[in-house]
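What follows is one structure encoded as structure tokens, with my remarks underneath.
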Amino acid sequence: MAVDSPLRVCVLTLGCKVNQNESQALAAALRAGGARATAGDEREEADVYVVNTCTVTNLADQKSRKLIRKVIREHPGARVVVTGCYAQADAEAVKSIQGVSLIVGNAGKPALAEQILGLAPGFCPEVKAWDPETRTRAVLKIQDGCRQFCSYCIIPYVRGKIQSLDAESVYHRVRELAASGCREVVLTGIHLGAYGLDRGEEDGLGRLLETLLPRFPQTRIRLGSLEPAEVSPRILRLAREWPNFCKHLHLPLQSGHDDILTAMNRPYTTAQFEGTVGQVREAAPDIAVTTDCIVGFPGETEERFAQYMEFVKKMAFSRIHVFAFSSRKGTPAASMDRQISNKVKLRRSRELIQLGMDLSRSYGAKFIGKTLSVLVEQRRSPGMWEGHASNYLTVQFADSGGEQRDYAGQTADIEILSWNGQGLTGKKIES
Ligand code: SF4
């Protein structure tokens, strides 16, 4: 390939936020190294396709294989690189797909950009975490690995070892991002609350926030998913004291019944979860508490599910991600008896999704008539803008007086007028 024709790389992603974050970082690193990299669509023409796979369920495995095969079939001249959790968990299965050029496990991801750029001689890679042209918010992964062994989850087997970025490196990354105009940094990890455990630190995440929040008062810091038992008194104090601590915590509940929580090997009871949510709301009264819920876990009887629904209602989550239990080969839950039929799982999913929508509406309605500070991300249509408030509600607003100003990347005070089924709408308050 000629050095002056940029290598075209298309990065395709399956699965969770961490994977999406890593794909974005990979595409940014590839661009910094001179490649033309997009995180997008398998129909695009490219020289190299990276498939960042997922293995969270058997269905995810199937989807990963399907996408790899599709790319090979539709782009016979291209190279196909497979990475991510499925590549890590079952490299043999990936190897057996004819046409795969390179398989890289999770540990190899940081060096992947260089490897790909090596396919086109002459490029000099420089890794950047954020592409300032496209985003006001950056997702910064600061931790990897999990040793909790929830009984339904394969992740500890494929991404087990806990590794975290040291506080100084996180500080430098955030400083770099803030200096290039980024207004919100989302700190994520596979098991974020385990941040620092690899260095023997206690409450490493709380200590990290204690360093970051005062130093970057103009940058909002948002936390990715946090295990309920890991909301420390320090984190609660910081949520109370710092306006740039986003008023949003995602605390995965997974089940609202104690027997199921035990079977899941989750380290808390519903009473303890309720206690944590109470403390969070005492620290920051209007904070959004969002969650993940699994339905149809083995042994989830109708009675247990009814109690689960009651508990969810009582917790008044502002958003719920519902997952039907999908048995994952190699995990203890896969061989548990009293598995639930797909039909029942589907019905329960629908009921819980409906409850989640009702709770979202009640939470959103609380803000009608109030003013929210919104970080504006994009123009939805001519004169119509969209962004997120600190509590992660989506807010849309119109240009006042038909002005044609560019609000992207700015913070705007919006008076909330209504809930539109997905988020809030309002009008901009002129300063
Ligand atoms: S905390 Fe549980 S669900 Fe989350 S990654 Fe670890 S084992 Fe999986």
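Labels used: A, B, ... for chains in the order of the structure tokens, numbers from 1 for residues in each chain, and numbers from 1 for ligands as shown.
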
Region 306-350 of chain A: residues DSSP assigns to strand (DSSP E or B), reported as a ChimeraX atom specification: /A:319-324

Excluding region 57-73 of chain A and its own-chain neighbours fewer than 2 positions away, which residues fall within 10 Å of it when counting only C-alpha atoms? Please give them as a ChimeraX atom specification. /A:12-15,42-43,49-55,75-82,84-87,89-90,93-94,97-100,152-154,325-329

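Shortest atom-to-atom contact with ligand 1 among A:Glu168, A:Glu274, A:Glu230, A:Glu386: A:Glu230, counting only C-alpha atoms and all ligand atoms.
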
Please return as number ranges by chain the residues found within 9 Å of ligand 1, counting only C-alpha atoms and all ligand atoms. A: 56, 145-157, 159-160, 190-191, 225-227, 252, 254, 264-266

Near region 423-426 of chain A, within 8 Å and counting only C-alpha atoms, which residues show up once chain neighbours fewer than 4 positions away are dropped, as a ChimeraX atom specification? /A:364,393-398,414-419

Neighbouring residues of Arg137 (chain A) were defined as those with any atom within 7 Å, considering only C-alpha atoms; residues of the same chain fewer than 2 positions away were excluded. Please report them as a list in words.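 Near neighbours after the sequence-gap exclusion: Arg135, Val139, Cys182, Arg183, Glu184 and Val185 of chain A.
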
Could you please take those selected residues and save N, CA and C atoms as an mmCIF file, in the first residue's frame?
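Once everything was written out, this is selection20.cif:
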data_model
loop_
_atom_site.group_PDB
_atom_site.id
_atom_site.type_symbol
_atom_site.label_atom_id
_atom_site.label_comp_id
_atom_site.auth_asym_id
_atom_site.auth_seq_id
_atom_site.Cartn_x
_atom_site.Cartn_y
_atom_site.Cartn_z
ATOM 1 N N ARG A 135 -16.736 15.448 20.099
ATOM 2 C CA ARG A 135 -17.458 15.235 21.355
ATOM 3 C C ARG A 135 -17.217 16.307 22.401
ATOM 4 N N VAL A 139 -15.271 9.499 27.372
ATOM 5 C CA VAL A 139 -15.364 8.357 28.279
ATOM 6 C C VAL A 139 -13.944 7.888 28.548
ATOM 7 N N CYS A 182 -13.086 19.554 26.425
ATOM 8 C CA CYS A 182 -14.053 18.561 26.885
ATOM 9 C C CYS A 182 -14.703 19.050 28.190
ATOM 10 N N ARG A 183 -16.032 18.978 28.257
ATOM 11 C CA ARG A 183 -16.730 19.533 29.425
ATOM 12 C C ARG A 183 -17.231 18.466 30.386
ATOM 13 N N GLU A 184 -17.157 17.222 29.960
ATOM 14 C CA GLU A 184 -17.600 16.153 30.865
ATOM 15 C C GLU A 184 -16.749 14.911 30.640
ATOM 16 N N VAL A 185 -16.287 14.334 31.730
ATOM 17 C CA VAL A 185 -15.506 13.099 31.627
ATOM 18 C C VAL A 185 -16.252 12.003 32.376
#

Skip Tyr268 (chain A) itself and residues of its chain fewer than 2 positions away, then list as a PyMOL selection string all residues within 10 Å of it, counting only C-alpha atoms. chain A and resi 227-229+253+258+261-262+265-266+270-273

Contacts of Thr290 (chain A) at 6 Å (only C-alpha atoms; same-chain gap of 6+ positions) as a PyMOL selection string: chain A and resi 250+317-320

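Across A:Arg348, A:Arg361, A:Lys95, A:Lys366, the tightest approach to Pro285 (chain A) is made by A:Lys366 when counting only C-alpha atoms.
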
Give me, please, the distance in Å between CA of Pro382 (chain A) and CA of Gln410 (chain A), quoted to one decimal.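 Interatomic distance, CA of Pro382 (chain A) to CA of Gln410 (chain A): 17.4 Å.
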